[in-house]
Structures are given as structure tokens and as C-alpha cells.
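The data block below is coords-v4.pdb; it holds PDB, C-alpha atoms, pLDDT in the B column.
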ATOM      1  CA  MET A  25      32.378-136.125 -38.917  1.00 94.00           C
ATOM      2  CA  ARG A  26      29.972-134.371 -36.609  1.00 96.00           C
ATOM      3  CA  HIS A  27      32.612-134.376 -33.843  1.00 97.00           C
ATOM      4  CA  VAL A  28      35.122-132.740 -36.215  1.00 97.00           C
ATOM      5  CA  GLU A  29      32.611-129.993 -37.023  1.00 97.00           C
ATOM      6  CA  GLU A  30      31.909-129.441 -33.327  1.00 98.00           C
ATOM      7  CA  HIS A  31      35.627-129.275 -32.548  1.00 98.00           C
ATOM      8  CA  TRP A  32      36.044-126.752 -35.387  1.00 98.00           C
ATOM      9  CA  GLN A  33      33.300-124.621 -33.823  1.00 98.00           C
ATOM     10  CA  THR A  34      34.945-124.761 -30.395  1.00 98.00           C
ATOM     11  CA  LEU A  35      38.354-123.839 -31.818  1.00 98.00           C
ATOM     12  CA  THR A  36      36.904-120.990 -33.855  1.00 98.00           C
ATOM     13  CA  LEU A  37      35.007-119.525 -30.900  1.00 98.00           C
ATOM     14  CA  SER A  38      38.102-119.756 -28.718  1.00 98.00           C
ATOM     15  CA  ALA A  39      40.214-118.146 -31.453  1.00 98.00           C
ATOM     16  CA  ASN A  40      37.680-115.332 -31.823  1.00 98.00           C
ATOM     17  CA  GLY A  41      37.893-114.722 -28.078  1.00 98.00           C
ATOM     18  CA  ALA A  42      41.695-114.638 -28.182  1.00 98.00           C
ATOM     19  CA  PHE A  43      41.552-112.283 -31.182  1.00 96.00           C
ATOM     20  CA  GLU A  44      39.209-109.896 -29.361  1.00 96.00           C
ATOM     21  CA  LYS A  45      41.574-109.880 -26.362  1.00 97.00           C
ATOM     22  CA  GLY A  46      44.561-109.141 -28.592  1.00 96.00           C
ATOM     23  CA  ASP A  47      46.233-112.478 -27.860  1.00 97.00           C
ATOM     24  CA  TRP A  48      47.488-112.796 -31.426  1.00 96.00           C
ATOM     25  CA  GLN A  49      49.696-115.845 -30.886  1.00 96.00           C
ATOM     26  CA  GLN A  50      46.883-117.849 -29.295  1.00 98.00           C
ATOM     27  CA  ALA A  51      44.366-116.713 -31.902  1.00 98.00           C
ATOM     28  CA  MET A  52      46.694-117.676 -34.761  1.00 97.00           C
ATOM     29  CA  SER A  53      47.319-121.104 -33.286  1.00 98.00           C
ATOM     30  CA  LEU A  54      43.616-121.769 -32.758  1.00 98.00           C
ATOM     31  CA  TYR A  55      42.644-120.477 -36.216  1.00 98.00           C
ATOM     32  CA  ASN A  56      45.246-122.755 -37.794  1.00 98.00           C
ATOM     33  CA  ASP A  57      43.907-125.711 -35.808  1.00 98.00           C
ATOM     34  CA  ALA A  58      40.392-124.827 -36.953  1.00 98.00           C
ATOM     35  CA  LEU A  59      41.562-124.702 -40.581  1.00 98.00           C
ATOM     36  CA  TYR A  60      43.050-128.164 -40.176  1.00 98.00           C
ATOM     37  CA  ARG A  61      39.619-129.434 -38.982  1.00 98.00           C
ATOM     38  CA  ALA A  62      38.007-127.773 -42.002  1.00 98.00           C
ATOM     39  CA  GLU A  63      40.468-129.619 -44.239  1.00 98.00           C
ATOM     40  CA  VAL A  64      39.585-132.904 -42.525  1.00 98.00           C
ATOM     41  CA  LEU A  65      35.909-132.276 -43.275  1.00 98.00           C
ATOM     42  CA  ASN A  66      36.800-131.656 -46.914  1.00 95.00           C
ATOM     43  CA  ASP A  67      38.518-135.024 -47.056  1.00 95.00           C
ATOM     44  CA  HIS A  68      35.095-136.546 -46.346  1.00 96.00           C
ATOM     45  CA  ILE A  69      32.749-134.561 -48.584  1.00 94.00           C
ATOM     46  CA  GLY A  70      30.311-137.425 -49.092  1.00 92.00           C
ATOM     47  CA  ASP A  71      29.837-137.859 -45.341  1.00 96.00           C
ATOM     48  CA  CYS A  72      29.485-134.105 -44.872  1.00 96.00           C
ATOM     49  CA  VAL A  73      26.812-133.879 -47.567  1.00 93.00           C
ATOM     50  CA  ARG A  74      24.943-136.826 -46.050  1.00 95.00           C
ATOM     51  CA  LEU A  75      25.146-135.295 -42.545  1.00 96.00           C
ATOM     52  CA  LYS A  76      24.382-131.780 -43.839  1.00 96.00           C
ATOM     53  CA  ILE A  77      27.640-130.394 -42.442  1.00 97.00           C
ATOM     54  CA  PRO A  78      28.362-127.042 -44.124  1.00 96.00           C
ATOM     55  CA  PHE A  79      31.940-128.026 -45.037  1.00 96.00           C
ATOM     56  CA  ILE A  80      32.290-125.315 -47.685  1.00 96.00           C
ATOM     57  CA  GLN A  81      31.339-122.530 -45.291  1.00 96.00           C
ATOM     58  CA  VAL A  82      33.517-124.023 -42.559  1.00 98.00           C
ATOM     59  CA  PHE A  83      36.549-123.898 -44.865  1.00 98.00           C
ATOM     60  CA  LEU A  84      35.781-120.380 -46.104  1.00 98.00           C
ATOM     61  CA  ILE A  85      35.251-119.041 -42.584  1.00 98.00           C
ATOM     62  CA  SER A  86      38.580-120.540 -41.528  1.00 98.00           C
ATOM     63  CA  CYS A  87      40.376-118.889 -44.454  1.00 98.00           C
ATOM     64  CA  ASN A  88      38.684-115.543 -43.767  1.00 97.00           C
ATOM     65  CA  ASN A  89      39.576-115.710 -40.082  1.00 98.00           C
ATOM     66  CA  LEU A  90      43.221-116.370 -40.885  1.00 98.00           C
ATOM     67  CA  ALA A  91      43.245-113.566 -43.478  1.00 97.00           C
ATOM     68  CA  SER A  92      41.969-111.156 -40.820  1.00 95.00           C
ATOM     69  CA  MET A  93      44.557-112.445 -38.388  1.00 96.00           C
ATOM     70  CA  TYR A  94      47.390-111.940 -40.870  1.00 96.00           C
ATOM     71  CA  GLN A  95      46.117-108.460 -41.677  1.00 94.00           C
ATOM     72  CA  GLN A  96      46.085-107.599 -37.983  1.00 94.00           C
ATOM     73  CA  LEU A  97      49.711-108.715 -37.779  1.00 95.00           C
ATOM     74  CA  GLY A  98      50.660-106.630 -40.819  1.00 94.00           C
ATOM     75  CA  LYS A  99      51.256-109.739 -42.930  1.00 95.00           C
ATOM     76  CA  ASP A 100      49.076-108.671 -45.835  1.00 92.00           C
ATOM     77  CA  ASP A 101      50.676-111.038 -48.355  1.00 92.00           C
ATOM     78  CA  GLU A 102      49.785-114.038 -46.195  1.00 96.00           C
ATOM     79  CA  GLY A 103      46.268-112.685 -45.689  1.00 95.00           C
ATOM     80  CA  GLU A 104      45.862-112.198 -49.415  1.00 93.00           C
ATOM     81  CA  ASN A 105      47.069-115.756 -50.013  1.00 94.00           C
ATOM     82  CA  MET A 106      44.424-117.118 -47.634  1.00 97.00           C
ATOM     83  CA  LEU A 107      41.708-115.287 -49.562  1.00 95.00           C
ATOM     84  CA  LYS A 108      43.089-116.568 -52.875  1.00 93.00           C
ATOM     85  CA  ARG A 109      43.051-120.033 -51.362  1.00 96.00           C
ATOM     86  CA  SER A 110      39.307-119.659 -50.764  1.00 96.00           C
ATOM     87  CA  ILE A 111      38.715-118.853 -54.419  1.00 94.00           C
ATOM     88  CA  HIS A 112      40.943-121.665 -55.667  1.00 91.00           C
ATOM     89  CA  TYR A 113      39.216-124.065 -53.282  1.00 95.00           C
ATOM     90  CA  LEU A 114      35.816-123.237 -54.744  1.00 93.00           C
ATOM     91  CA  PHE A 115      37.086-123.740 -58.286  1.00 89.00           C
ATOM     92  CA  HIS A 116      38.621-127.030 -57.178  1.00 91.00           C
ATOM     93  CA  LEU A 117      35.182-128.207 -56.038  1.00 91.00           C
ATOM     94  CA  ILE A 118      33.683-127.070 -59.342  1.00 87.00           C
ATOM     95  CA  ARG A 119      36.362-128.866 -61.382  1.00 84.00           C
ATOM     96  CA  ARG A 120      35.854-132.091 -59.492  1.00 83.00           C
ATOM     97  CA  LYS A 121      32.101-131.752 -60.051  1.00 79.00           C
ATOM     98  CA  GLN A 122      31.484-132.707 -56.444  1.00 73.00           C
ATOM     99  CA  ILE A 123      29.166-129.776 -55.864  1.00 79.00           C
ATOM    100  CA  ASP A 124      26.833-128.136 -58.363  1.00 79.00           C
ATOM    101  CA  PHE A 125      28.051-124.715 -59.487  1.00 79.00           C
ATOM    102  CA  VAL A 126      24.699-123.152 -58.588  1.00 82.00           C
ATOM    103  CA  GLU A 127      25.270-124.169 -54.963  1.00 84.00           C
ATOM    104  CA  ILE A 128      28.723-122.550 -54.923  1.00 88.00           C
ATOM    105  CA  GLN A 129      27.902-119.373 -56.851  1.00 88.00           C
ATOM    106  CA  SER A 130      27.091-117.150 -53.875  1.00 90.00           C
ATOM    107  CA  ASP A 131      30.133-118.404 -51.964  1.00 94.00           C
ATOM    108  CA  LEU A 132      32.322-117.660 -54.981  1.00 91.00           C
ATOM    109  CA  ARG A 133      30.888-114.147 -55.304  1.00 89.00           C
ATOM    110  CA  ALA A 134      31.528-113.503 -51.608  1.00 92.00           C
ATOM    111  CA  ALA A 135      35.082-114.883 -51.786  1.00 93.00           C
ATOM    112  CA  ILE A 136      35.871-112.666 -54.767  1.00 89.00           C
ATOM    113  CA  ALA A 137      34.381-109.619 -53.026  1.00 88.00           C
ATOM    114  CA  ASN A 138      36.395-110.358 -49.859  1.00 89.00           C
ATOM    115  CA  TYR A 139      39.589-110.593 -51.878  1.00 87.00           C
ATOM    116  CA  ALA A 140      38.867-107.393 -53.828  1.00 86.00           C
ATOM    117  CA  SER A 141      38.116-105.516 -50.611  1.00 85.00           C
ATOM    118  CA  PHE A 142      41.278-106.825 -48.960  1.00 87.00           C
ATOM    119  CA  VAL A 143      43.627-105.857 -51.804  1.00 84.00           C
ATOM    120  CA  GLN A 144      41.948-102.494 -52.329  1.00 81.00           C
ATOM    121  CA  GLN A 145      43.980-101.200 -49.389  1.00 75.00           C
ATOM    122  CA  SER A 146      47.309-102.047 -51.034  1.00 70.00           C
ATOM    123  CA  ASP A 147      49.253 -99.926 -53.511  1.00 69.00           C
ATOM    124  CA  GLU A 148      48.886-102.657 -56.121  1.00 74.00           C
ATOM    125  CA  GLY A 149      45.162-103.141 -55.471  1.00 62.00           C
ATOM    126  CA  ASP A 150      44.009-102.302 -59.004  1.00 69.00           C
ATOM    127  CA  ALA A 151      46.537-104.630 -60.637  1.00 72.00           C
ATOM    128  CA  LYS A 152      45.678-107.424 -58.192  1.00 70.00           C
ATOM    129  CA  ARG A 153      41.957-107.023 -58.866  1.00 69.00           C
ATOM    130  CA  ARG A 154      42.579-107.133 -62.644  1.00 71.00           C
ATOM    131  CA  HIS A 155      44.664-110.281 -62.194  1.00 71.00           C
ATOM    132  CA  LEU A 156      41.877-111.834 -60.121  1.00 68.00           C
ATOM    133  CA  VAL A 157      39.292-111.040 -62.791  1.00 67.00           C
ATOM    134  CA  GLU A 158      41.507-112.681 -65.422  1.00 73.00           C
ATOM    135  CA  MET A 159      42.002-115.762 -63.260  1.00 72.00           C
ATOM    136  CA  VAL A 160      38.292-116.062 -62.488  1.00 70.00           C
ATOM    137  CA  ASN A 161      37.375-115.701 -66.164  1.00 68.00           C
ATOM    138  CA  GLU A 162      39.928-118.365 -67.112  1.00 73.00           C
ATOM    139  CA  GLN A 163      38.511-120.733 -64.498  1.00 73.00           C
ATOM    140  CA  LEU A 164      34.944-120.089 -65.601  1.00 69.00           C
ATOM    141  CA  LEU A 165      35.891-120.766 -69.225  1.00 65.00           C
ATOM    142  CA  GLU A 166      37.879-123.907 -68.354  1.00 70.00           C
ATOM    143  CA  ASN A 167      34.941-125.289 -66.420  1.00 62.00           C
ATOM    144  CA  ASP A 168      32.438-124.438 -69.179  1.00 64.00           C
ATOM    145  CA  LEU A 169      30.567-122.047 -66.903  1.00 63.00           C
ATOM    146  CA  ILE A 170      30.765-119.195 -69.396  1.00 56.00           C
ATOM    147  CA  THR A 171      31.414-119.013 -73.110  1.00 59.00           C
ATOM    148  CA  THR A 172      33.241-116.478 -75.212  1.00 62.00           C
ATOM    149  CA  ASP A 173      31.310-114.488 -77.782  1.00 59.00           C
ATOM    150  CA  GLN A 174      32.314-115.623 -81.269  1.00 45.00           C
TER     151      GLN A 174
END

Would you kindly transcribe this structure into C-alpha cells?
Amino acid sequence: MRHVEEHWQTLTLSANGAFEKGDWQQAMSLYNDALYRAEVLNDHIGDCVRLKIPFIQVFLISCNNLASMYQQLGKDDEGENMLKRSIHYLFHLIRRKQIDFVEIQSDLRAAIANYASFVQQSDEGDAKRRHLVEMVNEQLLENDLITTDQ
């Protein structure tokens, strides 16, 4: 697993370099390859935990990089979907009880803030933020992380 993490790092650094140079096609390809490596790490969570590989952050960074790439290309819907994917991913980990919620809390807050900031620029930003809040509340309730006042 360590070699997968190292390859992810190499791909991400190369993609960042391509992005900074404005080589959008190369950056997109490398970011997608990096996301694939992040997905491979997530297929081996137990090994990653044992080896202290930050698989959650690796996945979230990959999604954020692709969201930025899509935004640069004017493909805001795809960028928004990548940021939603980050949030759904974190709830997936919570549902499967593979990672303690306390460990994911700050990542979830950051993912929600990234999404809210991203959609703020769109005409439907307020509606999208309201929808996100509803979805997050539903997920928190479903996973017994909050309760409703009776």
C-alpha cells in the first residue's frame, strides 16, 4: 500500500505542475489517475490504518483537485459533483463504522465548507446550500449522530 500512496503523491505533484502551466489536458489525466490510486487505498482500509496512510485525506485531496480542475474548465456541474462525492464518501465511512465519527468530523466540516464555497458562485447557490444542509442533517440522523428534539 505504501507504493500506491507514493505513486499517488507523484501523480498529484505532476498534475499540480501541469495545472500551474495551464496544461489542462495533462493535469486532468494525472488528477484522474491520482483519484484512481486514492480509490485503491480505500479498498484496503485496514492496511492503510495499520500503515498510518492518510487514505481519507488522499481521497479528499484528489476530489478537491478535480473539482478545481473542472471549475477551471468551466465545468462547474462536474466540479460540484466531485465535492458532493467527498461528502458522500465521508458518510459512507461513517455508515460502515470503519472510522470513528470523531476522527472524520473535521474532514466533514471542511468538505461541507468547500462545497458551500464552490456553489456560492452559482445562481442557484442558496438553493444548493439548503439542499446540502438537508442532506447532511438526514445523514446525521440516519447514522444516529444527532437526534431530533421531541

- [ ] May I have the residues within 6 Å of range 57-60 of chain A as a PyMOL selection string, using all atoms listed in the file and disregarding those fewer than 3 positions away in the same chain?
- [x] chain A and resi 32+35+54+63+86

TODO: Tell me which of A:Trp48, A:Gln95, A:Tyr139, A:Leu117 sits closest to His155 in chain A, counting all atoms listed in the file.
DONE: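 Looking only at the distances to His155 in chain A, the closest residue turns out to be A:Tyr139.
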
- [ ] Give as an MDAnalysis selection string every residue, naming chains and numbers as the document does, that has an atom within 9 Å of (34.9, -120.2, -55.3), counting only C-alpha atoms.
- [x] chainID A and resid 110:118 128:136 160

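Remark: for Glu44 in chain A, the closest of the candidate residues A:Gln81, A:Ser141, A:Asn56, A:Gln96 is A:Gln96 (distances computed over only C-alpha atoms).
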
- [ ] Could you pull out every residue with an atom within 12 Å of (32.6, -136.8, -35.5), file coordinates, counting only C-alpha atoms, and send them as JSON, numbers by chain?
- [x] {"A": [25, 26, 27, 28, 29, 30, 31, 32, 61, 64, 65, 68, 71, 72, 75, 77]}

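Once Tyr55 in chain A and its same-chain neighbours fewer than 4 positions away are set aside, A:Leu35, A:Thr36, A:Ser38, A:Ala39, A:Asn40, A:Gln50, A:Ala51, A:Leu59, A:Tyr60, A:Ser86, A:Cys87, A:Asn89, A:Leu90, A:Met93 remain within 9 Å of it when counting only C-alpha atoms.
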
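Straight-line separation from CA of Met159 in chain A to CA of Asn105 in chain A: 14.2 Å.
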
Task: Separation of CA of Thr34 in chain A from CA of Leu97 in chain A, in Å and rounded to one decimal - done: 23.0 Å

Task: Distance of CA of Tyr94 in chain A from CA of Ala42 in chain A, expressed in Å to one decimal place - done: 14.2 Å

- [ ] Considering only C-alpha atoms, state which residue in the set A:Ala140, A:Glu166, A:Gln122, A:Gly103 is at the smallest distance from Val73 in chain A.
- [x]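 Of the candidates, the smallest distance to Val73 in chain A is held by A:Gln122.
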
Using 3 Å of padding on each side, determine the axis-aligned box around all atoms of range 34-46 of chain A present in the file and give its centre and edge lengths in Å to one decimal, as AutoDock Vina command-line options.
--center_x 39.8 --center_y -117.0 --center_z -30.1 --size_x 15.6 --size_y 21.6 --size_z 13.5
